[in-house]
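Below is work.tsv, holding TSV, C-alpha atoms.
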chain	number	residue	atom	x	y	z
A	280	MET	CA	-0.15	-18.68	-53.31
A	281	ILE	CA	1.41	-15.56	-51.80
A	282	GLY	CA	-2.04	-14.08	-51.19
A	283	ILE	CA	-3.22	-17.27	-49.48
A	284	ASN	CA	-0.12	-17.39	-47.25
A	285	MET	CA	-0.57	-13.75	-46.24
A	286	LYS	CA	-4.18	-14.47	-45.37
A	287	LYS	CA	-3.07	-17.34	-43.13
A	288	VAL	CA	-0.48	-15.10	-41.45
A	289	TYR	CA	-3.12	-12.44	-40.89
A	290	ILE	CA	-5.53	-14.95	-39.33
A	291	LEU	CA	-2.73	-16.30	-37.13
A	292	LEU	CA	-1.83	-12.80	-35.89
A	293	ILE	CA	-5.46	-11.99	-35.08
A	294	THR	CA	-5.77	-15.28	-33.19
A	295	LEU	CA	-2.62	-14.53	-31.17
A	296	LEU	CA	-3.80	-11.02	-30.32
A	297	LEU	CA	-7.17	-12.30	-29.15
A	298	ALA	CA	-5.50	-15.00	-27.08
A	299	THR	CA	-3.13	-12.46	-25.52
A	300	SER	CA	-6.03	-10.15	-24.66
A	301	TYR	CA	-7.86	-13.06	-23.07
A	302	PHE	CA	-4.92	-14.04	-20.87
A	303	VAL	CA	-4.19	-10.42	-19.87
A	304	GLY	CA	-7.84	-9.98	-18.97
A	305	SER	CA	-7.84	-13.23	-17.02
A	306	ALA	CA	-4.68	-12.17	-15.17
A	307	ASN	CA	-6.25	-8.82	-14.27
A	308	ASP	CA	-9.43	-10.52	-13.09
A	309	PHE	CA	-7.35	-12.90	-10.97
A	310	SER	CA	-5.38	-9.98	-9.50
A	311	LYS	CA	-8.58	-8.12	-8.61
A	312	THR	CA	-10.05	-11.25	-7.05
A	313	LYS	CA	-6.88	-11.86	-5.05
A	314	ASN	CA	-6.84	-8.26	-3.80
A	315	SER	CA	-10.50	-8.47	-2.84
A	316	GLN	CA	-9.81	-11.62	-0.86
A	317	LEU	CA	-6.90	-9.92	0.91
A	318	LEU	CA	-8.95	-6.85	1.78
A	319	GLU	CA	-11.64	-9.07	3.29
A	320	LYS	CA	-9.15	-9.91	6.07
A	321	ILE	CA	-8.92	-6.30	7.21
A	322	LYS	CA	-10.76	-5.32	10.39
A	323	ASP	CA	-11.73	-2.13	12.18
A	324	GLY	CA	-8.75	-0.68	14.05
A	325	ASP	CA	-6.07	-2.38	11.96
A	326	ILE	CA	-3.04	-0.27	11.06
A	327	ILE	CA	-1.91	-0.05	7.44
A	328	PHE	CA	1.53	0.96	6.12
A	329	GLN	CA	2.91	1.94	2.73
A	330	SER	CA	5.59	4.03	1.07
A	331	SER	CA	5.62	6.53	-1.76
A	332	GLN	CA	8.21	8.17	-3.99
A	333	SER	CA	8.12	11.77	-2.75
A	334	ARG	CA	11.34	13.37	-1.48
A	335	GLN	CA	9.98	13.61	2.05
A	336	CYS	CA	8.90	9.96	2.06
A	337	GLU	CA	12.30	8.87	0.82
A	338	ALA	CA	13.96	10.91	3.56
A	339	ILE	CA	11.69	9.33	6.18
A	340	ARG	CA	12.57	5.83	4.96
A	341	ILE	CA	16.27	6.63	5.12
A	342	ALA	CA	16.14	8.38	8.50
A	343	THR	CA	14.15	5.52	10.07
A	344	ASN	CA	15.85	2.69	8.15
A	345	SER	CA	12.48	1.38	7.03
A	346	LYS	CA	10.51	0.60	3.88
A	347	PHE	CA	7.55	2.51	5.31
A	348	SER	CA	6.98	6.24	5.11
A	349	HIS	CA	3.24	6.49	5.75
A	350	CYS	CA	0.57	4.81	7.84
A	351	GLY	CA	-3.06	5.14	8.83
A	352	ILE	CA	-5.75	3.40	10.83
A	353	ILE	CA	-8.57	1.35	9.33
A	354	TYR	CA	-12.11	2.53	9.96
A	355	ILE	CA	-15.08	0.45	8.83
A	356	ASN	CA	-18.13	2.67	8.48
A	357	ASN	CA	-21.44	1.28	7.24
A	358	GLY	CA	-19.66	-1.79	5.90
A	359	LYS	CA	-17.11	0.21	3.88
A	360	LYS	CA	-13.38	0.29	4.64
A	361	TYR	CA	-11.47	3.57	4.94
A	362	VAL	CA	-8.04	4.71	6.06
A	363	TYR	CA	-8.05	7.56	8.56
A	364	GLU	CA	-4.83	9.32	7.72
A	365	ALA	CA	-2.91	12.51	8.40
A	366	VAL	CA	-2.20	14.03	5.02
A	367	GLN	CA	-3.23	17.52	3.97
A	368	PRO	CA	-5.66	17.66	5.63
A	369	VAL	CA	-6.43	14.78	8.00
A	370	LYS	CA	-9.20	12.77	6.35
A	371	LEU	CA	-10.88	9.45	5.65
A	372	THR	CA	-9.73	7.87	2.37
A	373	PRO	CA	-11.43	4.83	0.78
A	374	LEU	CA	-9.12	1.87	1.35
A	375	GLU	CA	-8.72	0.89	-2.30
A	376	ASN	CA	-7.85	4.49	-3.25
A	377	TRP	CA	-5.32	4.66	-0.43
A	378	ILE	CA	-3.56	1.51	-1.64
A	379	LYS	CA	-3.16	3.02	-5.13
A	380	TYR	CA	-1.15	5.92	-3.71
A	381	GLY	CA	1.60	3.60	-2.49
A	382	GLN	CA	4.70	2.60	-4.38
A	383	ASN	CA	3.81	-0.42	-6.55
A	384	ASN	CA	0.48	-0.55	-4.67
A	385	ALA	CA	2.32	-2.43	-1.91
A	386	PHE	CA	1.07	-2.30	1.67
A	387	VAL	CA	1.27	-4.05	5.01
A	388	VAL	CA	-1.56	-4.44	7.50
A	389	LYS	CA	-0.86	-5.06	11.19
A	390	ARG	CA	-3.25	-5.83	14.00
A	391	LEU	CA	-3.13	-5.58	17.77
A	392	LYS	CA	-2.56	-9.00	19.29
A	393	LYS	CA	-5.77	-10.32	20.88
A	394	ALA	CA	-7.58	-7.47	19.11
A	395	SER	CA	-10.90	-9.31	19.26
A	396	GLN	CA	-10.73	-9.16	23.06
A	397	ILE	CA	-9.22	-5.68	23.43
A	398	LEU	CA	-10.69	-3.65	20.56
A	399	THR	CA	-14.31	-4.11	21.53
A	400	ALA	CA	-17.08	-2.12	19.87
A	401	SER	CA	-17.09	0.39	22.72
A	402	THR	CA	-13.30	0.79	22.59
A	403	LEU	CA	-13.35	1.33	18.83
A	404	THR	CA	-16.06	3.94	19.31
A	405	LYS	CA	-13.86	5.73	21.88
A	406	MET	CA	-10.90	5.62	19.49
A	407	LYS	CA	-12.91	7.11	16.65
A	408	SER	CA	-14.47	9.71	18.92
A	409	TYR	CA	-11.04	10.82	20.14
A	410	GLY	CA	-9.56	10.79	16.63
A	411	ASN	CA	-12.42	12.85	15.22
A	412	GLN	CA	-10.95	16.01	16.78
A	413	PHE	CA	-8.14	15.87	14.23
A	414	LYS	CA	-10.34	15.64	11.15
A	415	ASN	CA	-9.52	18.39	8.63
A	416	LYS	CA	-6.52	19.56	10.68
A	417	ASN	CA	-3.38	20.45	8.76
A	418	TYR	CA	-0.53	18.03	8.23
A	419	ASP	CA	2.42	18.77	10.51
A	420	LEU	CA	5.48	19.33	8.32
A	421	TYR	CA	7.60	20.03	11.40
A	422	PHE	CA	6.74	16.86	13.32
A	423	GLU	CA	5.93	18.70	16.53
A	424	TRP	CA	4.34	16.76	19.39
A	425	SER	CA	1.26	18.91	19.72
A	426	ASP	CA	-2.36	18.63	18.66
A	427	ALA	CA	-2.42	21.83	16.61
A	428	LYS	CA	-1.22	19.95	13.54
A	429	ILE	CA	-0.51	16.26	13.16
A	430	TYR	CA	1.43	13.76	11.06
A	431	CYS	CA	0.55	10.20	10.10
A	432	SER	CA	2.20	8.03	12.75
A	433	GLU	CA	1.44	10.60	15.45
A	434	LEU	CA	-2.27	10.30	14.58
A	435	VAL	CA	-2.23	6.50	14.86
A	436	TRP	CA	-0.20	6.53	18.09
A	437	LYS	CA	-2.43	9.11	19.78
A	438	ILE	CA	-5.67	7.36	18.79
A	439	TYR	CA	-4.45	4.11	20.32
A	440	LYS	CA	-3.03	5.84	23.40
A	441	ASN	CA	-5.95	8.12	24.18
A	442	GLY	CA	-8.78	6.03	22.74
A	443	ALA	CA	-7.73	2.55	23.88
A	444	GLY	CA	-5.10	3.25	26.56
A	445	ILE	CA	-2.40	1.45	24.54
A	446	GLU	CA	1.09	2.80	23.82
A	447	LEU	CA	2.10	1.03	20.62
A	448	CYS	CA	5.74	2.03	21.07
A	449	ARG	CA	7.86	4.50	22.98
A	450	LEU	CA	8.54	7.95	21.61
A	451	GLU	CA	12.02	8.81	20.33
A	452	SER	CA	13.98	12.04	20.15
A	453	LEU	CA	14.54	13.28	16.62
A	454	LYS	CA	18.29	13.13	17.21
A	455	ASN	CA	18.16	9.33	17.50
A	456	PHE	CA	17.31	8.84	13.84
A	457	ASN	CA	19.73	8.76	10.92
A	458	LEU	CA	20.05	12.46	10.12
A	459	THR	CA	23.38	12.38	8.29
A	460	ASN	CA	22.27	11.14	4.88
A	461	PRO	CA	22.40	14.02	2.32
A	462	LYS	CA	18.74	13.53	1.34
A	463	VAL	CA	17.68	13.72	4.97
A	464	VAL	CA	19.94	16.72	5.58
A	465	ALA	CA	18.34	18.54	2.63
A	466	ILE	CA	14.80	18.00	3.93
A	467	LEU	CA	15.79	19.08	7.46
A	468	ALA	CA	17.41	22.22	6.09
A	469	GLU	CA	14.24	23.09	4.18
A	470	ARG	CA	12.10	22.56	7.27
A	471	TYR	CA	14.22	24.02	10.06
A	472	GLY	CA	17.20	25.86	8.62
A	473	ASN	CA	19.94	25.78	11.27
A	474	HIS	CA	17.55	25.21	14.16
A	475	ILE	CA	16.75	21.49	14.06
A	476	PRO	CA	14.76	20.47	17.18
A	477	LEU	CA	16.89	17.44	17.99
A	478	GLU	CA	15.18	16.84	21.34
A	479	GLU	CA	11.65	16.86	19.87
A	480	LYS	CA	9.73	13.69	20.71
A	481	VAL	CA	8.54	11.92	17.56
A	482	VAL	CA	7.12	8.58	16.44
A	483	ALA	CA	7.88	7.12	13.01
A	484	PRO	CA	5.81	4.62	10.98
A	485	SER	CA	8.67	2.15	11.38
A	486	GLN	CA	8.43	2.27	15.18
A	487	ILE	CA	4.75	1.40	15.10
A	488	ALA	CA	5.32	-1.30	12.46
A	489	ASP	CA	7.98	-2.90	14.67
A	490	SER	CA	5.82	-2.84	17.79
A	491	PRO	CA	5.79	-6.20	19.59
A	492	LEU	CA	2.13	-5.51	20.38
A	493	LEU	CA	1.22	-5.99	16.72
A	494	GLU	CA	1.08	-8.95	14.37
A	495	THR	CA	1.15	-8.92	10.57
A	496	VAL	CA	-2.12	-9.70	8.84
A	497	ILE	CA	-1.23	-8.82	5.21
A	498	ASP	CA	2.13	-8.15	3.56
A	499	THR	CA	2.17	-7.50	-0.20
A	500	TYR	CA	5.81	-6.38	-0.41

Just dump the structure as C-alpha cells.
Amino acid sequence: MIGINMKKVYILLITLLLATSYFVGSANDFSKTKNSQLLEKIKDGDIIFQSSQSRQCEAIRIATNSKFSHCGIIYINNGKKYVYEAVQPVKLTPLENWIKYGQNNAFVVKRLKKASQILTASTLTKMKSYGNQFKNKNYDLYFEWSDAKIYCSELVWKIYKNGAGIELCRLESLKNFNLTNPKVVAILAERYGNHIPLEEKVVAPSQIADSPLLETVIDTY
C-alpha cells in the first residue's frame, strides 16, 4: 500500500511540474507577444527613454528629479528598428537589445505631435544625415555643449533642432538642477573636482520627456 501511495504522489508531482512549465511557458509567450505588439507602434523619429542602475544614472535621476536617465532616437532602417544613442561610442543599437539594458526592461516612447505631417520622409532623412556626424564619437562625461563629444539627450535635442528645425525644450544651466544630494555631489566631484561649470548649458532626458511638443505613445513603467 505504501508503495502504491508513493507512486501516486510521484505521478501527482510530475503532473504539477508539467502543468507549471506549461503555464510559465504560456506566460512568457504572452509577454513576448505583448511586447511585439507594443513595438509595432513605434515609428521613425520617435524618442525612447529608460533608466539604469549605474551610479551616474542614479545621480542624473536625482539631479533632474526624474525616472529617466537615458534616451535615444528611433531609426527604422530596412524595416528594422534601432535606437541611435550616445553611449561609448555613439551608435545604433537594435531596439530589443536597447530595452534589455533598462531597469526592469521598462521604457517610455514619445512622439512629436502631428509627427505624420512634420516628420516627412525628407525631414527624417535630414535628421539622420545631420546625426550621422556623431556616429562613433565619444560619450561626453562632462556634459559640455560642443560637438566634440556628446551625451544622450544632447544628441536627441541637436538632431531635432538641426535636422528638423524643432527645439524640443529650452536649455538649462547646470546650476538649476538639484546638485546638493550626496550622490550627485560625489559624481560632480569625480568629474570636475572643485571647478564645476555651473553656467554650462545642458539638456536632460527629463526635459525632453516633459516637452509639451511630445505625446506618449508607450509607457511600460

Task: One-decimal distance in Å that lies between atom CA of A:Ser330 and atom CA of A:Ala385 - done: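 Taking atom CA of A:Ala385 as the start and atom CA of A:Ser330 as the end point, the length is 7.8 Å.
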
Task: Best match for closeness to A:Lys322 among A:Trp377, A:Cys448, A:Ile397, A:Val496, counting only C-alpha atoms - done: A:Val496

Task: Length of the atom CA of A:Arg334 to atom CA of A:Ala483 vector [Å] - done: 16.2 Å

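Here atom CA of A:Val387 stands at a distance of 7.4 Å from atom CA of A:Tyr500.
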
Task: Top pick for closest residue to A:Tyr418, considering A:His474, A:Lys360, A:Lys462, A:Lys370 and counting only C-alpha atoms - done: A:Lys370

- [ ] Name the closest residue to A:Glu469 among the candidates A:Gln316, A:Tyr363, A:Ala342, A:Tyr421; distances are taken between atoms, counting all atoms listed in the file.
- [x]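 Of all the options, A:Tyr421 lies closest to A:Glu469.
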
Open item on the list: Residues within 8 Å of A:Trp424, please, as number ranges by chain. Count only C-alpha atoms; anything in the same chain fewer than 5 positions from it doesn't count.
Closed with: A: 429, 433, 479-481

Writer output for current selection, C-alpha atoms, as a CSV table (one decimal), in the frame of the given file:
chain,number,residue,atom,x,y,z
A,429,ILE,CA,-0.5,16.3,13.2
A,433,GLU,CA,1.4,10.6,15.4
A,479,GLU,CA,11.6,16.9,19.9
A,480,LYS,CA,9.7,13.7,20.7
A,481,VAL,CA,8.5,11.9,17.6

- [ ] Can you pull out every residue within 10 Å of A:Leu434, counting only C-alpha atoms, but drop anything in the same chain fewer than 5 positions away, and send it as a PyMOL selection string?
- [x] chain A and resi 350-352+363-365+369+410+413+426+428-429+439-440+482

If we draw a sphere of 12 Å around (7.9, -0.6, 15.3), which residues have at least one atom in it when counting only C-alpha atoms? Please report them as a compact mmCIF listing (two decimals) with C-alpha atoms, keeping the file's coordinate frame.
# COMPACT_ATOMS: atom_id res chain seq x y z
CA ILE A 326 -3.04 -0.27 11.06
CA PHE A 328 1.53 0.96 6.12
CA THR A 343 14.15 5.52 10.07
CA ASN A 344 15.85 2.69 8.15
CA SER A 345 12.48 1.38 7.03
CA LYS A 346 10.51 0.60 3.88
CA PHE A 347 7.55 2.51 5.31
CA CYS A 350 0.57 4.81 7.84
CA LYS A 389 -0.86 -5.06 11.19
CA SER A 432 2.20 8.03 12.75
CA TRP A 436 -0.20 6.53 18.09
CA GLU A 446 1.09 2.80 23.82
CA LEU A 447 2.10 1.03 20.62
CA CYS A 448 5.74 2.03 21.07
CA ARG A 449 7.86 4.50 22.98
CA LEU A 450 8.54 7.95 21.61
CA GLU A 451 12.02 8.81 20.33
CA VAL A 482 7.12 8.58 16.44
CA ALA A 483 7.88 7.12 13.01
CA PRO A 484 5.81 4.62 10.98
CA SER A 485 8.67 2.15 11.38
CA GLN A 486 8.43 2.27 15.18
CA ILE A 487 4.75 1.40 15.10
CA ALA A 488 5.32 -1.30 12.46
CA ASP A 489 7.98 -2.90 14.67
CA SER A 490 5.82 -2.84 17.79
CA PRO A 491 5.79 -6.20 19.59
CA LEU A 492 2.13 -5.51 20.38
CA LEU A 493 1.22 -5.99 16.72
CA GLU A 494 1.08 -8.95 14.37
CA THR A 495 1.15 -8.92 10.57

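You can rank A:Gly442, A:Gly358, A:Pro476, A:Gly381 by their closest distance to A:Leu403 using only C-alpha atoms, and at the top of that list sits A:Gly442.
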
Task: Proximity to A:Ile378 - best of A:Ser331, A:Val463, A:Tyr409, A:Asn415, all atoms listed in the file - done: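 Nearest to A:Ile378: A:Ser331.
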
- [ ] Compare A:Ile438, A:Ile475, A:Ala338, A:Ile327 by their minimum atom-to-atom distance to A:Lys454, counting all atoms listed in the file, and give me the closest one.
- [x]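 Closest to A:Lys454 of all the choices is A:Ile475.
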
- [ ] Extract, using only C-alpha atoms, all DNA, RNA and protein residues at most 10 Å from A:Ala465, discarding same-chain residues fewer than 5 positions from it, and format them as an MDAnalysis selection string.
- [x] chainID A and resid 334:335 338 458:460 470 472

Saved selection, atoms kept: C-alpha atoms, as a short mmCIF file (atom, residue, chain, number, x, y, z; two decimals), in the frame of the given file:
data_model
loop_
_atom_site.label_atom_id
_atom_site.label_comp_id
_atom_site.auth_asym_id
_atom_site.auth_seq_id
_atom_site.Cartn_x
_atom_site.Cartn_y
_atom_site.Cartn_z
CA ARG A 334 11.34 13.37 -1.48
CA GLN A 335 9.98 13.61 2.05
CA ALA A 338 13.96 10.91 3.56
CA LEU A 458 20.05 12.46 10.12
CA THR A 459 23.38 12.38 8.29
CA ASN A 460 22.27 11.14 4.88
CA ARG A 470 12.10 22.56 7.27
CA GLY A 472 17.20 25.86 8.62
#

- [ ] Please provide the set of residues having any atom within 9 Å of A:Leu398, restricted to all atoms listed in the file, with same-chain residues fewer than 6 positions apart removed, written as an MDAnalysis selection string.
- [x] chainID A and resid 323:324 391 443

Coordinates of stretch 402-426 of chain A, N, CA and C atoms, as an mmCIF file, in the first residue's frame:
data_model
loop_
_atom_site.group_PDB
_atom_site.id
_atom_site.type_symbol
_atom_site.label_atom_id
_atom_site.label_comp_id
_atom_site.auth_asym_id
_atom_site.auth_seq_id
_atom_site.Cartn_x
_atom_site.Cartn_y
_atom_site.Cartn_z
ATOM 1 N N THR A 402 12.348 65.088 -44.184
ATOM 2 C CA THR A 402 12.806 65.633 -42.902
ATOM 3 C C THR A 402 13.556 64.576 -42.110
ATOM 4 N N LEU A 403 13.038 63.361 -42.081
ATOM 5 C CA LEU A 403 13.717 62.274 -41.382
ATOM 6 C C LEU A 403 15.085 61.994 -42.002
ATOM 7 N N THR A 404 15.162 62.107 -43.306
ATOM 8 C CA THR A 404 16.457 61.917 -43.976
ATOM 9 C C THR A 404 17.440 63.002 -43.553
ATOM 10 N N LYS A 405 16.965 64.246 -43.450
ATOM 11 C CA LYS A 405 17.819 65.351 -42.992
ATOM 12 C C LYS A 405 18.290 65.115 -41.558
ATOM 13 N N MET A 406 17.382 64.645 -40.713
ATOM 14 C CA MET A 406 17.726 64.386 -39.317
ATOM 15 C C MET A 406 18.820 63.330 -39.217
ATOM 16 N N LYS A 407 18.649 62.255 -39.976
ATOM 17 C CA LYS A 407 19.634 61.172 -39.932
ATOM 18 C C LYS A 407 20.960 61.611 -40.537
ATOM 19 N N SER A 408 20.883 62.411 -41.587
ATOM 20 C CA SER A 408 22.104 62.904 -42.230
ATOM 21 C C SER A 408 22.884 63.793 -41.262
ATOM 22 N N TYR A 409 22.166 64.677 -40.570
ATOM 23 C CA TYR A 409 22.835 65.535 -39.585
ATOM 24 C C TYR A 409 23.408 64.694 -38.452
ATOM 25 N N GLY A 410 22.614 63.778 -37.926
ATOM 26 C CA GLY A 410 23.041 62.965 -36.786
ATOM 27 C C GLY A 410 24.201 62.041 -37.090
ATOM 28 N N ASN A 411 24.390 61.718 -38.368
ATOM 29 C CA ASN A 411 25.431 60.773 -38.749
ATOM 30 C C ASN A 411 26.834 61.272 -38.412
ATOM 31 N N GLN A 412 26.997 62.601 -38.300
ATOM 32 C CA GLN A 412 28.313 63.157 -37.979
ATOM 33 C C GLN A 412 28.789 62.740 -36.580
ATOM 34 N N PHE A 413 27.858 62.343 -35.737
ATOM 35 C CA PHE A 413 28.219 61.982 -34.368
ATOM 36 C C PHE A 413 28.529 60.495 -34.193
ATOM 37 N N LYS A 414 28.241 59.704 -35.217
ATOM 38 C CA LYS A 414 28.450 58.268 -35.099
ATOM 39 C C LYS A 414 29.901 57.956 -34.748
ATOM 40 N N ASN A 415 30.066 57.098 -33.752
ATOM 41 C CA ASN A 415 31.371 56.654 -33.243
ATOM 42 C C ASN A 415 32.115 57.718 -32.429
ATOM 43 N N LYS A 416 31.485 58.885 -32.208
ATOM 44 C CA LYS A 416 32.119 59.870 -31.331
ATOM 45 C C LYS A 416 32.024 59.408 -29.883
ATOM 46 N N ASN A 417 32.929 59.910 -29.057
ATOM 47 C CA ASN A 417 32.963 59.523 -27.654
ATOM 48 C C ASN A 417 31.817 60.145 -26.864
ATOM 49 N N TYR A 418 31.413 59.420 -25.827
ATOM 50 C CA TYR A 418 30.403 59.926 -24.906
ATOM 51 C C TYR A 418 31.004 61.067 -24.090
ATOM 52 N N ASP A 419 30.210 62.101 -23.862
ATOM 53 C CA ASP A 419 30.695 63.282 -23.143
ATOM 54 C C ASP A 419 30.400 63.170 -21.644
ATOM 55 N N LEU A 420 31.405 62.757 -20.890
ATOM 56 C CA LEU A 420 31.249 62.614 -19.440
ATOM 57 C C LEU A 420 31.084 63.957 -18.736
ATOM 58 N N TYR A 421 31.491 65.038 -19.410
ATOM 59 C CA TYR A 421 31.485 66.348 -18.768
ATOM 60 C C TYR A 421 30.294 67.208 -19.179
ATOM 61 N N PHE A 422 29.446 66.665 -20.022
ATOM 62 C CA PHE A 422 28.211 67.357 -20.426
ATOM 63 C C PHE A 422 28.482 68.757 -20.967
ATOM 64 N N GLU A 423 29.473 68.869 -21.825
ATOM 65 C CA GLU A 423 29.784 70.153 -22.452
ATOM 66 C C GLU A 423 28.934 70.336 -23.703
ATOM 67 N N TRP A 424 28.536 71.585 -23.968
ATOM 68 C CA TRP A 424 27.686 71.858 -25.126
ATOM 69 C C TRP A 424 28.556 72.129 -26.350
ATOM 70 N N SER A 425 29.188 71.073 -26.806
ATOM 71 C CA SER A 425 30.011 71.151 -28.014
ATOM 72 C C SER A 425 29.770 69.883 -28.813
ATOM 73 N N ASP A 426 30.303 69.853 -30.036
ATOM 74 C CA ASP A 426 30.100 68.681 -30.879
ATOM 75 C C ASP A 426 31.283 67.722 -30.842
#
